[in-house]
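Below is one structure; the comments refer to it alone.
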Amino acid sequence: MSYIHFQTKNAEYWLMLGDHSVPRTDIYSINPENLDGIVIEDCGLGSIFLKPDDIEFGPLVRAAKENNKPLFTLDIPSVLDASKYYDFESRIKLGGVIGMTGAAATASFMAHKNKMTRRRFIALGGMFLASLGAFASGFAPDCAISDLNNQGEEASAVSVEIISIESRIVQTEILSMRNAVNARKIEEYLAPMLMEKAGKKPKIALAYGTYHAGLKDNITDKELRDSVITYFSSVLAEGKKNETFERMLNNVYEFIPLDYGLEAKVHKTGLF
């Protein structure tokens, strides 16, 4: 497990990357006591993961309770057959919460290059070509994934770029679209909300799978995330025909640890 530390005008972030089958004890490496919120990748499944004994996110739930920090879910499913998600509402028993939401996406490398400095573009171009050779041999992104999963410290910039570039070149719902949607909800709604509450720039931990390294670029670059969301606009419009999916897309869910469980709140973003 590793993390990417970065800032925007709205928040200071730690994007924690890890294998979904491994306990997310990496939360303790960034001092949860100083955080203002913890976001988990839930794929639209919501509170099913928010249990102290959950294999992956259990450590996050325990850390949130120990330090009195709120947890947030805001993800969406990658397969937009909302009929599969009607049972979300029956799963979420806390505080009248209904549906779940989400976000995440990427954009094309060639479209994004116009915003880069010449030096940055040349550097990324070299990694891009090297990555294509590795992809062709079937070696990447496994090498980068393995590197990021095993570090246990700040992420390697090269490995992060390899994963990020791939998700920009190959536009998929499961990575590109969700990265962009999550980024919009995090940077444009959650961060300002926490800033208003804390009276300062909030510190936010983001717990996602390693393949979501591109989430960082989507958070820091509004033009990038907007372009990806536009690319998937017809897919999202189709999903919004279903009320459950529409709620998942537009809501952010907050879970506050209590002695007996979690108190849940719904925040309507109006972003989509």
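Identifiers in the structure tokens: chain A, B, ... in order shown; residue index from 1 per chain; ligand index from 1 in order shown.
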Q: Would you list the contacts of Thr73 of chain A as a list in words, taking every protein, DNA or RNA residue within 6 Å and counting only C-alpha atoms, but skipping same-chain residues closer than 2 positions in sequence?
A: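 Returned residues: Val39, Ile40 and Tyr253 of chain A.
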Dump as a compact mmCIF listing (two decimals), in the first residue's frame, selection limited to N, CA and C atoms:
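Writing the result to part_20.txt gives the following:
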```txt
# COMPACT_ATOMS: atom_id res chain seq x y z
N VAL A 39 -12.77 9.11 3.02
CA VAL A 39 -13.63 8.64 1.93
C VAL A 39 -13.21 7.24 1.54
N ILE A 40 -14.18 6.34 1.37
CA ILE A 40 -13.84 5.00 0.91
C ILE A 40 -14.49 4.71 -0.44
N TYR A 253 -22.79 10.49 1.13
CA TYR A 253 -23.27 9.91 2.37
C TYR A 253 -22.21 10.00 3.46
```
Q: Find the residues around segment 53-67 of chain A up to 9 Å (only C-alpha atoms counted), leave out those fewer than 2 positions away in its own chain, and share them as a ChimeraX atom specification.
A: /A:19-28,32-35,37-38,40,48-51,69-71,207,256-259
How would the residues just chosen look if you wrote them out with N, CA, C and O atoms as a short mmCIF file (atom, residue, chain, number, x, y, z; two decimals), in the first residue's frame?
```
data_model
loop_
_atom_site.label_atom_id
_atom_site.label_comp_id
_atom_site.auth_asym_id
_atom_site.auth_seq_id
_atom_site.Cartn_x
_atom_site.Cartn_y
_atom_site.Cartn_z
N ASP A 19 -4.48 -2.88 -2.39
CA ASP A 19 -5.16 -4.10 -2.84
C ASP A 19 -6.44 -4.26 -2.04
O ASP A 19 -6.45 -4.16 -0.82
N HIS A 20 -7.56 -4.55 -2.73
CA HIS A 20 -8.85 -4.65 -2.05
C HIS A 20 -8.93 -5.85 -1.10
O HIS A 20 -9.87 -5.93 -0.31
N SER A 21 -7.98 -6.75 -1.18
CA SER A 21 -8.03 -7.93 -0.31
C SER A 21 -7.17 -7.76 0.94
O SER A 21 -7.06 -8.67 1.75
N VAL A 22 -6.56 -6.57 1.09
CA VAL A 22 -5.63 -6.33 2.20
C VAL A 22 -6.22 -5.28 3.15
O VAL A 22 -6.77 -4.27 2.71
N PRO A 23 -6.11 -5.48 4.47
CA PRO A 23 -6.62 -4.49 5.45
C PRO A 23 -5.96 -3.14 5.24
O PRO A 23 -4.75 -3.05 5.06
N ARG A 24 -6.76 -2.05 5.30
CA ARG A 24 -6.25 -0.72 5.04
C ARG A 24 -5.66 -0.08 6.30
O ARG A 24 -6.10 0.97 6.77
N THR A 25 -4.65 -0.74 6.81
CA THR A 25 -3.94 -0.21 7.98
C THR A 25 -3.08 0.99 7.63
O THR A 25 -2.53 1.64 8.51
N ASP A 26 -2.99 1.31 6.31
CA ASP A 26 -2.20 2.46 5.89
C ASP A 26 -2.77 3.77 6.43
O ASP A 26 -2.08 4.80 6.41
N ILE A 27 -4.00 3.75 6.92
CA ILE A 27 -4.58 4.96 7.49
C ILE A 27 -3.74 5.48 8.65
O ILE A 27 -3.65 6.69 8.88
N TYR A 28 -3.07 4.57 9.36
CA TYR A 28 -2.28 4.99 10.52
C TYR A 28 -0.95 5.63 10.12
O TYR A 28 -0.33 6.31 10.92
N PRO A 32 -4.45 9.57 11.41
CA PRO A 32 -5.89 9.86 11.30
C PRO A 32 -6.39 10.91 12.28
O PRO A 32 -7.43 11.52 12.05
N GLU A 33 -5.64 11.15 13.34
CA GLU A 33 -6.05 12.15 14.33
C GLU A 33 -6.16 13.54 13.71
O GLU A 33 -6.97 14.37 14.15
N ASN A 34 -5.37 13.80 12.67
CA ASN A 34 -5.34 15.12 12.04
C ASN A 34 -6.31 15.27 10.87
O ASN A 34 -6.41 16.35 10.28
N LEU A 35 -7.02 14.21 10.52
CA LEU A 35 -7.91 14.25 9.37
C LEU A 35 -9.25 14.91 9.71
O LEU A 35 -9.69 14.92 10.86
N GLY A 37 -11.85 14.03 7.46
CA GLY A 37 -12.77 13.09 6.87
C GLY A 37 -12.04 11.98 6.14
O GLY A 37 -10.90 12.14 5.71
N ILE A 38 -12.72 10.84 6.00
CA ILE A 38 -12.16 9.67 5.31
C ILE A 38 -13.18 9.20 4.27
O ILE A 38 -14.34 8.93 4.61
N ILE A 40 -14.18 6.34 1.37
CA ILE A 40 -13.84 5.00 0.91
C ILE A 40 -14.49 4.71 -0.44
O ILE A 40 -15.56 5.22 -0.76
N ILE A 48 -22.33 -1.52 3.36
CA ILE A 48 -21.96 -2.94 3.47
C ILE A 48 -20.49 -3.08 3.87
O ILE A 48 -20.08 -4.07 4.47
N PHE A 49 -19.66 -2.04 3.56
CA PHE A 49 -18.24 -2.08 3.90
C PHE A 49 -17.93 -1.46 5.25
O PHE A 49 -16.83 -1.62 5.76
N LEU A 50 -18.88 -0.71 5.80
CA LEU A 50 -18.59 0.08 6.99
C LEU A 50 -18.81 -0.72 8.27
O LEU A 50 -19.66 -0.40 9.09
N LYS A 51 -17.99 -1.73 8.42
CA LYS A 51 -18.05 -2.60 9.60
C LYS A 51 -16.65 -2.76 10.17
O LYS A 51 -15.69 -2.89 9.41
N LYS A 69 -13.83 10.73 13.68
CA LYS A 69 -13.77 11.30 12.35
C LYS A 69 -14.90 10.74 11.48
O LYS A 69 -15.22 9.55 11.58
N PRO A 70 -15.51 11.55 10.63
CA PRO A 70 -16.58 11.06 9.76
C PRO A 70 -16.05 10.26 8.58
O PRO A 70 -14.97 10.56 8.05
N LEU A 71 -16.82 9.27 8.18
CA LEU A 71 -16.55 8.49 6.98
C LEU A 71 -17.52 8.92 5.90
O LEU A 71 -18.67 9.29 6.18
N ALA A 207 -9.49 6.42 0.37
CA ALA A 207 -9.07 5.01 0.31
C ALA A 207 -9.64 4.34 -0.93
O ALA A 207 -10.84 4.04 -1.00
N ILE A 256 -21.13 8.89 10.80
CA ILE A 256 -20.45 9.35 12.01
C ILE A 256 -20.42 8.21 13.02
O ILE A 256 -21.47 7.72 13.45
N PRO A 257 -19.23 7.75 13.41
CA PRO A 257 -19.14 6.63 14.36
C PRO A 257 -19.71 6.99 15.73
O PRO A 257 -19.42 8.05 16.28
N LEU A 258 -20.53 6.11 16.26
CA LEU A 258 -21.09 6.23 17.60
C LEU A 258 -20.75 4.97 18.39
O LEU A 258 -20.27 3.99 17.82
N ASP A 259 -21.03 4.96 19.66
CA ASP A 259 -20.73 3.79 20.48
C ASP A 259 -21.47 2.56 19.99
O ASP A 259 -20.95 1.45 20.04
#
```
Q.
Here is a test: counting only C-alpha atoms, which residue of A:Ser78, A:Asn68, A:Thr8, A:Ser29 is nearest to Thr172 of chain A?
A.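 Nearest to Thr172 of chain A: A:Ser78.
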Q: Figure out the distance between atom CA of Ser2 of chain A and atom CA of Ala157 of chain A, please, to one decimal in Å.
A: 11.1 Å
(Q) I'd like the interatomic distance between atom CA of Leu206 of chain A and atom CA of Ser164 of chain A, to a tenth of an Å. (A)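 Distance between the two atoms: 16.2 Å.
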Q: Would you work out the distance separating atom CA of Leu224 of chain A from atom CA of Met16 of chain A, expressed in Å to one decimal?
A: 20.9 Å
Q: Using only C-alpha atoms, find the one residue out of A:Ala11, A:Asp42, A:Ser234, A:Val266 that sits nearest to Glu196 of chain A.
A: A:Ala11
Hey, what's within 12 Å of Gly199 of chain A if we count only C-alpha atoms and toss same-chain stuff fewer than 5 positions away? As a JSON list (two decimals) with C-alpha atoms, in the first residue's frame, please?
```
[["chain", "number", "residue", "atom", "x", "y", "z"],
["A", 10, "ASN", "CA", -10.07, 23.37, -1.38],
["A", 11, "ALA", "CA", -8.31, 20.62, 0.55],
["A", 36, "ASP", "CA", -11.25, 15.96, 8.80],
["A", 191, "ALA", "CA", -14.01, 19.55, 0.40],
["A", 192, "PRO", "CA", -15.90, 22.90, 0.50],
["A", 193, "MET", "CA", -18.41, 21.43, 2.95],
["A", 194, "LEU", "CA", -15.65, 20.27, 5.30]]
```
Q) Restricting the calculation to only C-alpha atoms, which member of A:Ile186, A:Leu215, A:Ile163, A:Leu17 is positioned closest to Lys203 of chain A? A)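 Among the listed residues, the smallest separation from Lys203 of chain A belongs to A:Ile186.
For the residues A:Val160, A:Ala264, A:Leu74, A:Val228, ranking by smallest atom-to-atom distance to Tyr189 of chain A using only C-alpha atoms places A:Leu74 first.
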Q: Choose the residue, out of A:Ser159, A:Thr230, A:Ser47, A:Asn182, that has the smallest atom-to-atom separation from Asn218 of chain A; count only C-alpha atoms.
A: A:Asn182
